[in-house]
file target.txt (compact mmCIF, C-alpha atoms)
# COMPACT_ATOMS: atom_id res chain seq x y z
CA MET A 1 0.00 0.00 0.00
CA LYS A 2 1.08 3.58 -0.55
CA PHE A 3 0.93 6.78 1.50
CA LEU A 4 1.74 10.43 0.80
CA HIS A 5 3.42 12.30 3.66
CA THR A 6 3.49 16.11 3.80
CA SER A 7 3.57 18.73 6.53
CA ASP A 8 4.25 22.34 7.48
CA TRP A 9 2.21 24.06 4.78
CA HIS A 10 2.17 27.34 6.77
CA VAL A 11 -0.63 28.75 4.65
CA GLY A 12 -0.97 32.48 5.30
CA LYS A 13 2.75 32.96 5.87
CA THR A 14 4.00 36.33 4.66
CA LEU A 15 7.64 37.21 4.11
CA LYS A 16 8.78 40.69 5.10
CA GLY A 17 5.24 41.91 4.45
CA ARG A 18 4.92 40.17 1.06
CA ASN A 19 1.69 38.15 0.69
CA ARG A 20 2.51 34.62 -0.51
CA LEU A 21 -0.99 33.15 -0.76
CA ASP A 22 -0.81 32.73 -4.55
CA GLU A 23 2.50 30.91 -4.16
CA GLN A 24 1.04 28.68 -1.44
CA ARG A 25 -1.95 27.97 -3.66
CA ALA A 26 0.42 26.82 -6.41
CA VAL A 27 2.35 24.59 -3.98
CA LEU A 28 -0.80 22.90 -2.66
CA GLY A 29 -2.05 22.57 -6.23
CA GLU A 30 1.13 20.68 -7.11
CA ILE A 31 0.63 18.35 -4.12
CA VAL A 32 -2.95 17.68 -5.26
CA ARG A 33 -1.73 16.86 -8.78
CA ILE A 34 0.79 14.39 -7.34
CA ALA A 35 -2.00 12.76 -5.33
CA ARG A 36 -4.15 12.49 -8.46
CA ASN A 37 -1.39 10.90 -10.51
CA GLU A 38 -0.61 8.07 -8.09
CA PRO A 39 -3.03 5.70 -6.30
CA PHE A 40 -2.30 6.63 -2.67
CA ASP A 41 -4.23 4.84 0.05
CA ALA A 42 -3.88 7.74 2.47
CA ILE A 43 -2.49 11.26 2.63
CA LEU A 44 -0.90 12.27 5.93
CA VAL A 45 -0.61 15.99 6.75
CA ALA A 46 1.55 16.19 9.86
CA GLY A 47 0.65 19.61 11.24
CA ASP A 48 1.19 23.35 10.79
CA LEU A 49 -1.36 23.65 8.03
CA TYR A 50 -1.54 27.36 8.87
CA GLU A 51 1.04 29.98 9.76
CA THR A 52 -0.96 31.45 12.63
CA SER A 53 -3.55 30.32 15.15
CA ALA A 54 -5.96 32.91 13.68
CA PRO A 55 -5.66 32.41 9.90
CA SER A 56 -7.45 34.70 7.46
CA ALA A 57 -10.60 33.55 5.69
CA ALA A 58 -8.61 33.27 2.45
CA ALA A 59 -6.04 31.03 4.14
CA GLN A 60 -8.75 28.82 5.63
CA GLU A 61 -10.51 28.52 2.31
CA LEU A 62 -7.28 27.47 0.60
CA VAL A 63 -6.54 24.76 3.18
CA VAL A 64 -10.10 23.38 3.20
CA ARG A 65 -10.22 23.27 -0.59
CA ALA A 66 -6.84 21.51 -0.69
CA LEU A 67 -7.96 18.89 1.85
CA MET A 68 -11.18 18.29 -0.07
CA ALA A 69 -9.31 17.99 -3.37
CA LEU A 70 -6.98 15.44 -1.79
CA ARG A 71 -9.99 13.49 -0.49
CA GLU A 72 -11.55 13.53 -3.97
CA THR A 73 -8.63 11.41 -5.19
CA GLY A 74 -10.16 8.54 -3.22
CA ALA A 75 -7.38 8.46 -0.62
CA GLU A 76 -8.02 8.70 3.09
CA VAL A 77 -6.96 12.15 4.34
CA LEU A 78 -5.65 12.65 7.89
CA ALA A 79 -4.40 15.97 9.27
CA ILE A 80 -3.28 17.06 12.74
CA ALA A 81 -2.68 20.41 14.41
CA GLY A 82 0.86 21.71 14.75
CA ASN A 83 2.18 24.37 17.09
CA HIS A 84 1.18 27.13 14.66
CA ASP A 85 -2.40 25.84 14.38
CA HIS A 86 -5.27 26.45 16.79
CA ALA A 87 -6.10 23.04 18.23
CA ALA A 88 -9.52 24.03 19.58
CA THR A 89 -10.60 25.30 16.16
CA PHE A 90 -9.46 22.04 14.57
CA GLU A 91 -11.62 20.17 17.08
CA ALA A 92 -14.58 22.44 16.32
CA TYR A 93 -14.31 21.65 12.60
CA ARG A 94 -13.60 17.98 13.20
CA PRO A 95 -17.25 16.74 12.85
CA LEU A 96 -17.82 18.79 9.71
CA LEU A 97 -14.69 17.58 7.95
CA LYS A 98 -15.35 14.03 9.12
CA ALA A 99 -18.64 14.20 7.20
CA ALA A 100 -16.55 15.06 4.14
CA GLY A 101 -14.30 12.04 4.78
CA ILE A 102 -11.38 14.02 6.23
CA GLN A 103 -9.94 13.11 9.64
CA LEU A 104 -8.88 16.34 11.38
CA THR A 105 -7.42 16.16 14.90
CA GLY A 106 -6.58 19.15 17.07
CA ASP A 107 -6.08 17.64 20.53
CA PRO A 108 -4.53 14.32 21.58
CA ARG A 109 -7.31 11.78 21.87
CA PRO A 110 -7.62 8.28 23.40
CA ALA A 111 -6.82 5.41 21.06
CA HIS A 112 -10.46 4.26 21.09
CA ASP A 113 -11.83 7.78 20.45
CA GLY A 114 -9.98 9.15 17.44
CA GLY A 115 -6.41 8.75 18.66
CA VAL A 116 -6.01 5.83 16.25
CA TYR A 117 -7.82 5.92 12.93
CA SER A 118 -8.28 2.54 11.23
CA PHE A 119 -9.34 1.75 7.68
CA ASP A 120 -8.87 -0.84 4.95
CA ALA A 121 -6.45 0.17 2.20
CA ARG A 122 -8.21 0.53 -1.12
CA SER A 123 -5.21 -0.97 -2.95
CA THR A 124 -4.85 -4.22 -0.98
CA GLY A 125 -7.81 -4.44 1.38
CA GLU A 126 -5.41 -4.82 4.29
CA ARG A 127 -5.91 -3.04 7.60
CA VAL A 128 -4.19 0.27 8.36
CA ASN A 129 -3.97 1.85 11.83
CA VAL A 130 -2.73 5.43 12.13
CA ALA A 131 -1.92 6.78 15.60
CA VAL A 132 -2.18 10.58 15.52
CA LEU A 133 -0.46 12.93 17.96
CA PRO A 134 -0.94 16.68 17.43
CA PHE A 135 1.55 19.15 18.90
CA LEU A 136 1.71 19.16 22.70
CA SER A 137 2.81 22.19 24.68
CA GLN A 138 4.77 21.53 27.85
CA ARG A 139 1.77 22.56 29.94
CA TYR A 140 -0.77 20.45 28.06
CA ALA A 141 1.51 17.40 27.96
CA VAL A 142 0.87 16.86 31.68
CA ARG A 143 -2.88 16.85 31.23
CA ALA A 144 -2.78 14.72 28.09
CA ALA A 145 -0.56 12.09 29.71
CA GLU A 146 -2.89 11.93 32.68
CA LEU A 147 -6.04 11.64 30.55
CA LEU A 148 -4.74 9.26 27.87
CA ALA A 149 -2.09 7.19 29.59
CA GLY A 150 -3.50 7.27 33.11
CA THR A 151 -0.24 8.64 34.48
CA PRO A 152 -0.75 10.71 37.65
CA ALA A 153 0.41 14.28 37.08
CA ASP A 154 2.66 14.28 40.16
CA ASN A 155 4.50 11.20 38.88
CA VAL A 156 4.91 12.29 35.29
CA GLY A 157 8.50 12.96 34.29
CA GLN A 158 9.83 15.47 31.82
CA TYR A 159 8.23 16.31 28.48
CA ASP A 160 9.79 13.41 26.61
CA GLN A 161 8.51 10.90 29.17
CA ARG A 162 5.00 12.28 28.93
CA VAL A 163 5.09 11.90 25.15
CA ARG A 164 6.45 8.34 25.55
CA ASP A 165 3.50 7.49 27.82
CA ILE A 166 1.03 8.89 25.30
CA LEU A 167 2.65 7.04 22.39
CA GLU A 168 2.56 3.78 24.32
CA HIS A 169 -1.14 4.30 24.92
CA LEU A 170 -1.81 5.08 21.25
CA LYS A 171 0.06 1.99 20.11
CA SER A 172 -2.47 -0.08 22.01
CA GLY A 173 -4.67 0.59 18.98
CA PHE A 174 -2.24 -1.23 16.68
CA SER A 175 -3.03 -4.75 15.47
CA ASP A 176 -1.14 -7.73 14.08
CA GLY A 177 -1.25 -8.30 10.33
CA ALA A 178 -1.91 -4.59 9.70
CA VAL A 179 0.22 -1.64 8.66
CA ASN A 180 0.67 0.49 11.77
CA LEU A 181 1.69 4.13 11.40
CA VAL A 182 2.35 7.08 13.70
CA MET A 183 1.80 10.68 12.62
CA ALA A 184 3.03 13.35 15.04
CA HIS A 185 4.09 16.99 15.22
CA LEU A 186 7.15 17.24 17.45
CA THR A 187 10.93 17.56 17.64
CA VAL A 188 13.01 14.39 17.66
CA THR A 189 16.33 14.67 19.47
CA GLY A 190 19.09 15.15 16.93
CA GLY A 191 16.79 16.52 14.24
CA ALA A 192 18.16 19.44 12.21
CA MET A 193 16.24 22.71 12.32
CA GLY A 194 15.00 23.87 8.94
CA GLY A 195 15.50 27.57 9.62
CA GLY A 196 11.99 28.94 10.13
CA GLU A 197 10.68 27.08 13.20
CA ARG A 198 9.72 28.73 16.49
CA ALA A 199 12.82 28.02 18.53
CA ALA A 200 11.18 27.89 21.95
CA GLN A 201 8.73 25.22 20.73
CA SER A 202 11.44 23.17 19.05
CA ILE A 203 14.35 23.07 21.50
CA PHE A 204 14.89 23.19 25.27
CA GLU A 205 12.71 20.52 26.93
CA TYR A 206 10.65 19.87 23.79
CA HIS A 207 12.96 17.15 22.43
CA VAL A 208 11.70 13.56 22.21
CA PRO A 209 14.20 10.76 21.48
CA ALA A 210 13.52 8.58 18.46
CA THR A 211 13.45 5.58 20.79
CA ALA A 212 10.07 6.87 22.02
CA PHE A 213 8.40 5.32 18.95
CA GLY A 214 9.73 1.82 19.60
CA ALA A 215 9.97 -0.80 16.88
CA ASP A 216 6.22 -1.31 16.38
CA PRO A 217 5.35 1.32 13.74
CA HIS A 218 5.96 0.51 10.11
CA TYR A 219 6.52 4.25 9.52
CA VAL A 220 6.54 7.47 11.56
CA ALA A 221 5.37 10.57 9.66
CA LEU A 222 6.59 13.72 11.37
CA GLY A 223 5.98 17.43 11.06
CA HIS A 224 7.51 20.45 12.80
CA LEU A 225 11.10 20.58 11.53
CA HIS A 226 11.11 22.15 8.08
CA ARG A 227 14.08 20.24 6.69
CA ARG A 228 13.49 16.92 4.96
CA GLN A 229 15.37 14.30 7.00
CA SER A 230 15.26 10.85 8.53
CA LEU A 231 16.30 9.96 12.07
CA PRO A 232 18.03 6.74 13.16
CA ALA A 233 15.53 4.60 15.07
CA ALA A 234 14.18 1.08 15.40
CA CYS A 235 11.54 1.96 12.78
CA PRO A 236 11.53 4.41 9.83
CA VAL A 237 11.20 7.96 11.25
CA HIS A 238 10.97 10.76 8.67
CA TYR A 239 10.28 14.48 8.44
CA SER A 240 8.89 15.50 5.05
CA GLY A 241 9.88 19.12 5.68
CA SER A 242 7.97 22.13 4.39
CA PRO A 243 6.99 22.00 0.70
CA PHE A 244 8.30 25.56 0.19
CA ALA A 245 10.93 27.77 1.82
CA VAL A 246 9.13 29.52 4.68
CA ASP A 247 11.92 32.01 5.41
CA PHE A 248 15.40 32.90 4.18
CA GLY A 249 16.90 30.51 6.70
CA GLU A 250 15.38 27.73 4.58
CA GLN A 251 16.63 28.90 1.19
CA ASP A 252 18.84 25.84 0.72
CA ASN A 253 16.29 23.28 1.92
CA LYS A 254 14.98 20.61 -0.42
CA SER A 255 11.21 20.96 -0.93
CA VAL A 256 9.52 17.56 -1.28
CA VAL A 257 6.63 15.35 -0.31
CA LEU A 258 7.26 11.71 0.53
CA ALA A 259 5.74 8.66 -1.11
CA VAL A 260 5.80 5.71 1.31
CA GLU A 261 5.28 2.11 0.14
CA VAL A 262 4.87 -0.58 2.81
CA THR A 263 3.22 -3.91 3.55
CA PRO A 264 2.53 -5.57 6.91
CA THR A 265 5.64 -7.72 6.46
CA THR A 266 8.16 -5.53 4.59
CA PRO A 267 10.06 -2.34 5.52
CA ALA A 268 8.80 1.01 4.28
CA LYS A 269 10.29 2.28 1.04
CA ILE A 270 10.43 6.08 0.87
CA THR A 271 10.65 8.14 -2.32
CA ASP A 272 11.17 11.92 -2.37
CA ILE A 273 8.91 13.73 -4.82
CA PRO A 274 10.19 17.28 -5.55
CA ILE A 275 7.89 20.28 -5.17
CA THR A 276 8.84 23.03 -7.60
CA ALA A 277 5.96 25.54 -7.43
CA GLY A 278 7.39 27.63 -4.58
CA ARG A 279 9.47 30.69 -5.37
CA ARG A 280 13.16 30.45 -4.63
CA LEU A 281 14.64 32.49 -1.77
CA ARG A 282 18.18 33.78 -2.23
CA THR A 283 20.72 35.77 -0.25
CA VAL A 284 22.94 37.92 -2.48
CA HIS A 285 25.90 40.23 -1.86
CA GLY A 286 27.40 43.05 -3.91
CA THR A 287 27.61 46.74 -4.62
CA VAL A 288 24.54 48.46 -6.05
CA ALA A 289 26.15 48.39 -9.50
CA GLU A 290 27.00 44.69 -9.23
CA LEU A 291 23.52 43.77 -8.03
CA THR A 292 21.88 45.84 -10.76
CA ALA A 293 23.96 44.08 -13.40
CA ARG A 294 22.73 40.69 -12.08
CA ALA A 295 19.05 41.64 -11.91
CA GLU A 296 18.06 39.42 -14.83
CA GLU A 297 19.83 36.46 -13.24
CA PHE A 298 17.66 36.72 -10.12
CA GLY A 299 14.39 36.51 -12.07
CA GLU A 300 11.36 36.12 -9.79
CA ASP A 301 13.35 34.94 -6.77
CA TYR A 302 12.71 36.66 -3.46
CA LEU A 303 15.94 38.27 -2.30
CA ARG A 304 17.74 39.09 0.92
CA VAL A 305 20.35 41.64 -0.12
CA TYR A 306 23.60 42.52 1.62
CA VAL A 307 24.94 45.71 0.05
CA ARG A 308 28.72 45.94 0.04
CA GLU A 309 28.81 49.71 0.41
CA ALA A 310 28.66 52.11 3.31
CA THR A 311 25.19 53.41 4.03
CA ARG A 312 24.10 56.65 2.37
CA ALA A 313 20.90 58.51 1.63
CA GLY A 314 18.81 56.82 -1.07
CA LEU A 315 20.73 53.55 -1.03
CA ARG A 316 17.70 51.41 -0.14
CA GLU A 317 15.61 53.06 -2.85
CA GLU A 318 18.30 52.38 -5.47
CA VAL A 319 18.35 48.69 -4.59
CA GLN A 320 14.55 48.40 -4.54
CA GLU A 321 14.29 50.07 -7.93
CA ALA A 322 16.81 47.68 -9.45
CA LEU A 323 15.52 44.59 -7.58
CA PRO A 324 11.73 44.80 -6.95
CA ASN A 325 11.80 41.38 -5.24
CA ALA A 326 14.37 42.45 -2.66
CA LEU A 327 12.39 41.85 0.52
CA GLU A 328 15.23 42.49 2.95
CA ILE A 329 18.05 44.97 2.39
CA ARG A 330 20.99 45.24 4.75
CA ILE A 331 24.45 46.71 4.72
CA ASP A 332 27.08 43.96 4.61
CA PRO A 333 28.60 43.69 8.11
CA GLU A 334 32.02 44.50 6.66
CA PHE A 335 30.73 47.93 5.62
CA ALA A 336 28.34 48.60 8.50
CA ALA A 337 29.18 51.00 11.29
CA ALA A 338 28.67 49.30 14.63
CA VAL A 339 25.89 50.83 16.71
CA THR A 340 26.61 50.51 20.41
CA THR A 341 25.44 51.91 23.71
CA SER A 342 27.59 54.15 25.87
CA GLY A 343 28.67 51.01 27.72
CA GLY A 344 29.99 49.46 24.53
CA GLU A 345 27.10 46.99 24.04
CA ARG A 346 25.00 46.69 20.90
CA ALA A 347 22.00 49.01 20.90
CA VAL A 348 18.80 47.65 22.39
CA ALA A 349 17.03 47.93 19.02
CA ASP A 350 19.57 45.55 17.49
CA ARG A 351 19.18 42.85 20.15
CA SER A 352 16.57 40.12 20.33
CA PRO A 353 14.28 39.73 23.36
CA GLY A 354 16.22 36.59 24.28
CA GLU A 355 19.52 38.48 24.22
CA LEU A 356 18.08 41.30 26.32
CA PHE A 357 16.73 38.85 28.90
CA ALA A 358 20.07 37.02 28.99
CA SER A 359 21.80 40.34 29.75
CA PHE A 360 19.21 41.04 32.45
CA CYS A 361 19.95 37.67 34.07
CA GLU A 362 23.69 38.23 33.83
CA GLU A 363 23.41 41.61 35.55
CA ARG A 364 21.55 39.95 38.43
CA ALA A 365 23.81 36.89 38.61
CA VAL A 366 21.01 34.52 37.58
CA GLU A 367 22.80 31.56 36.01
CA ASP A 368 19.99 28.98 35.84
CA LYS A 369 19.46 28.12 32.13
CA ARG A 370 15.94 26.94 32.92
CA VAL A 371 14.95 30.56 33.55
CA GLN A 372 16.01 31.60 30.05
CA SER A 373 14.33 28.49 28.64
CA LEU A 374 11.07 29.46 30.34
CA PHE A 375 11.36 33.06 29.11
CA ALA A 376 11.91 31.92 25.51
CA ARG A 377 8.92 29.56 25.65
CA LEU A 378 6.58 32.13 27.21
CA HIS A 379 7.70 34.85 24.80
CA ASP A 380 7.09 32.51 21.88
CA GLU A 381 3.63 31.53 23.13
CA GLU A 382 2.60 35.15 23.76
CA THR A 383 3.85 36.52 20.46
CA SER A 384 2.52 33.61 18.37
CA GLY A 385 -0.95 33.45 19.88
CA VAL A 386 -0.58 29.72 20.57

call {"tool": "encode", "arguments": {"input": "target.txt", "output": "structure tokens"}}
result
Amino acid sequence: MKFLHTSDWHVGKTLKGRNRLDEQRAVLGEIVRIARNEPFDAILVAGDLYETSAPSAAAQELVVRALMALRETGAEVLAIAGNHDHAATFEAYRPLLKAAGIQLTGDPRPAHDGGVYSFDARSTGERVNVAVLPFLSQRYAVRAAELLAGTPADNVGQYDQRVRDILEHLKSGFSDGAVNLVMAHLTVTGGAMGGGERAAQSIFEYHVPATAFGADPHYVALGHLHRRQSLPAACPVHYSGSPFAVDFGEQDNKSVVLAVEVTPTTPAKITDIPITAGRRLRTVHGTVAELTARAEEFGEDYLRVYVREATRAGLREEVQEALPNALEIRIDPEFAAAVTTSGGERAVADRSPGELFASFCEERAVEDKRVQSLFARLHDEETSGV
């Protein structure tokens, strides 16, 4: 039987104020065409369908239409909430999309009540069990472990142990002679960041070791890290990555979806299918004259420009006139005058909230890294609306 694995669509994502909805529509359209051209038994969307927890109506329409188009191929369609999505809204829409044949899950659920979705593959008639685990915040992991795994909150260990307990519970819905899958939105220890993830919801205590999945699943379909990669484990554990470059930190990432072939008795075979509809992101360096001379080479690529000249009046406007797709324009550090405070530190405006808080802790001799970890997580939750 055959599955299509994708994740991290981030529909509604803008880049330096540039609306990318048309580009995202083209990317999802390409995924739909791939699904139409091959007889997939199921399509797994492993979280972060949206960029924000309050997506625009246009973003919601695009995602719903894409899910329905995927379902019209005859494949089962399963999608879970990621850390960018609003889990409660997913749960609210769950009954409606279920009526359309789409399995949407916002919150972790018991194995017998939506935590494991079972169906017979249309290609072989064999049983398929998919354990689904949406993104869990540190705070909600305690509650979920208590509700699903029956683990008393005062005895629950760190985040990774809570997730292990939940996965063990979900695997109780697996069966012999079937293909058993896990789809989750989380960070596996040792996974490489793609470049556009929310750091506080990807690092610190949010790591889960690959051993948490055990040897039972035939395949583990992951979302959250935007770089396509596999992790060493007792079963196949793969991130599909985002199907387009979400930010300039991802400009060198490989945009793909994964085709997974597996039987109850043979290992999963994974094939990368390239996604080409997204616009390329590029970082370029040069003088204004050099960049202007290369304008045709850059085509429709979105650009992050480092100008190799000292700043002067009208410099930004010159670059923007020559390169309309220059979304970020900076002076190359070699030519930039350092802006510092009277005490010799970088100006407050040039420092991130995390750097400012680290300085605050240093001034007060607070050396506990857990404090900075908590600040980063709370700042991320407050600024993201999650």

call {"tool": "closest_residue", "arguments": {"input": "target.txt", "among": "A:Ala131, A:Ala46, A:Leu15, A:Leu104", "to": "His238 in chain A", "atoms": "all atoms listed in the file"}}
result
A:Ala46

call {"tool": "atom_distance", "arguments": {"input": "target.txt", "atom1": "CA of Asp252 in chain A", "atom2": "CA of Met193 in chain A"}}
result
12.3 Å

call {"tool": "residues_around", "arguments": {"input": "target.txt", "residues": "Lys171 in chain A", "least_positions_apart": "6", "cutoff": "9 Å", "atoms": "all atoms listed in the file", "output": "count of residues only"}}
result
7

call {"tool": "atom_distance", "arguments": {"input": "target.txt", "atom1": "CA of Gln24 in chain A", "atom2": "CA of Ala81 in chain A"}}
result
18.3 Å

call {"tool": "atom_distance", "arguments": {"input": "target.txt", "atom1": "CA of Ser53 in chain A", "atom2": "CA of His84 in chain A"}}
result
5.7 Å

call {"tool": "residues_around", "arguments": {"input": "target.txt", "residues": "Lys98 in chain A", "least_positions_apart": "6", "cutoff": "12 Å", "atoms": "all atoms listed in the file", "output": "JSON, numbers by chain"}}
result
{"A": [67, 68, 71, 76, 77, 78, 79, 90, 91, 92, 104, 105, 114, 117]}

call {"tool": "closest_residue", "arguments": {"input": "target.txt", "among": "A:Ala184, A:Ala245, A:Leu28, A:Ala277", "to": "Tyr219 in chain A", "atoms": "all atoms listed in the file"}}
result
A:Ala184

call {"tool": "axis_aligned_box", "arguments": {"input": "target.txt", "around": "range 278-296 of chain A", "padding_each_side": "6 Å", "output": "JSON"}}
result
{"center_x": 17.5, "center_y": 38.0, "center_z": -7.5, "size_x": 32.2, "size_y": 32.8, "size_z": 26.6}

call {"tool": "closest_residue", "arguments": {"input": "target.txt", "among": "A:Pro39, A:Gly106, A:Pro232, A:Gly17", "to": "Phe3 in chain A", "atoms": "only C-alpha atoms"}}
result
A:Pro39

call {"tool": "closest_residue", "arguments": {"input": "target.txt", "among": "A:Ser175, A:Ser240, A:Gln161, A:Thr14", "to": "Phe119 in chain A", "atoms": "all atoms listed in the file"}}
result
A:Ser175

call {"tool": "residues_around", "arguments": {"input": "target.txt", "residues": "Leu327 in chain A", "least_positions_apart": "2", "cutoff": "7 Å", "atoms": "all atoms listed in the file", "output": "ChimeraX atom specification"}}
result
/A:16,302-304,325,329

call {"tool": "write_last_selection", "arguments": {"input": "target.txt", "atoms": "C-alpha atoms", "output": "PDB file, in the coordinates of the input"}}
result
ATOM      1  CA  LYS A  16       8.780  40.690   5.100  1.00  0.00           C
ATOM      2  CA  TYR A 302      12.710  36.660  -3.460  1.00  0.00           C
ATOM      3  CA  LEU A 303      15.940  38.270  -2.300  1.00  0.00           C
ATOM      4  CA  ARG A 304      17.740  39.090   0.920  1.00  0.00           C
ATOM      5  CA  ASN A 325      11.800  41.380  -5.240  1.00  0.00           C
ATOM      6  CA  ILE A 329      18.050  44.970   2.390  1.00  0.00           C
TER       7      ILE A 329
END

call {"tool": "closest_residue", "arguments": {"input": "target.txt", "among": "A:Gly286, A:Gly241, A:Gly47, A:Pro353", "to": "Ile273 in chain A", "atoms": "all atoms listed in the file"}}
result
A:Gly241

call {"tool": "closest_residue", "arguments": {"input": "target.txt", "among": "A:Ser255, A:Ser137, A:Thr89, A:Gln229", "to": "Tyr50 in chain A", "atoms": "only C-alpha atoms"}}
result
A:Thr89

call {"tool": "residues_near_point", "arguments": {"input": "target.txt", "point": "(7.4, 0.2, -0.1)", "cutoff": "12 Å", "atoms": "all atoms listed in the file", "output": "list in words"}}
result
Met1, Lys2, Phe3, Leu4, Phe40, Val179, His218, Tyr219, Pro236, Leu258, Ala259, Val260, Glu261, Val262, Thr263, Pro264, Thr265, Thr266, Pro267, Ala268, Lys269, Ile270 and Thr271 of chain A

call {"tool": "residues_around", "arguments": {"input": "target.txt", "residues": "Arg228 in chain A", "least_positions_apart": "2", "cutoff": "10 Å", "atoms": "all atoms listed in the file", "output": "list in words"}}
result
Gly191, Ala192, Met193, Gly194, Leu222, Gly223, Leu225, His226, Ser230, His238, Tyr239, Ser240, Gly241, Ser242, Pro243, Asn253, Lys254, Ser255, Val256, Val257, Leu258 and Asp272 of chain A

call {"tool": "residues_around", "arguments": {"input": "target.txt", "residues": "Gly12 in chain A", "least_positions_apart": "2", "cutoff": "10 Å", "atoms": "all atoms listed in the file", "output": "list of chain:residue names"}}
result
A:Trp9, A:His10, A:Thr14, A:Leu15, A:Asn19, A:Arg20, A:Leu21, A:Asp22, A:Gln24, A:Leu49, A:Tyr50, A:Glu51, A:Thr52, A:Ala54, A:Pro55, A:Ser56, A:Ala57, A:Ala58, A:Ala59, A:Gln60, A:Leu62, A:Val63

call {"tool": "decode", "arguments": {"input": "target.txt", "residues": "range 55-81 of chain A", "atoms": "C-alpha atoms", "output": "mmCIF file, in the first residue's frame"}}
result
data_model
loop_
_atom_site.group_PDB
_atom_site.id
_atom_site.type_symbol
_atom_site.label_atom_id
_atom_site.label_comp_id
_atom_site.auth_asym_id
_atom_site.auth_seq_id
_atom_site.Cartn_x
_atom_site.Cartn_y
_atom_site.Cartn_z
ATOM 1 C CA PRO A 55 -5.664 32.413 9.899
ATOM 2 C CA SER A 56 -7.451 34.696 7.462
ATOM 3 C CA ALA A 57 -10.603 33.554 5.688
ATOM 4 C CA ALA A 58 -8.611 33.272 2.453
ATOM 5 C CA ALA A 59 -6.036 31.026 4.138
ATOM 6 C CA GLN A 60 -8.749 28.820 5.635
ATOM 7 C CA GLU A 61 -10.515 28.515 2.305
ATOM 8 C CA LEU A 62 -7.283 27.469 0.604
ATOM 9 C CA VAL A 63 -6.543 24.759 3.178
ATOM 10 C CA VAL A 64 -10.097 23.385 3.204
ATOM 11 C CA ARG A 65 -10.216 23.265 -0.592
ATOM 12 C CA ALA A 66 -6.844 21.509 -0.689
ATOM 13 C CA LEU A 67 -7.957 18.891 1.847
ATOM 14 C CA MET A 68 -11.182 18.293 -0.072
ATOM 15 C CA ALA A 69 -9.306 17.989 -3.373
ATOM 16 C CA LEU A 70 -6.982 15.437 -1.790
ATOM 17 C CA ARG A 71 -9.986 13.494 -0.491
ATOM 18 C CA GLU A 72 -11.554 13.533 -3.974
ATOM 19 C CA THR A 73 -8.635 11.412 -5.193
ATOM 20 C CA GLY A 74 -10.161 8.535 -3.222
ATOM 21 C CA ALA A 75 -7.384 8.462 -0.624
ATOM 22 C CA GLU A 76 -8.016 8.700 3.090
ATOM 23 C CA VAL A 77 -6.959 12.149 4.342
ATOM 24 C CA LEU A 78 -5.646 12.645 7.886
ATOM 25 C CA ALA A 79 -4.396 15.970 9.266
ATOM 26 C CA ILE A 80 -3.281 17.061 12.737
ATOM 27 C CA ALA A 81 -2.677 20.407 14.412
#
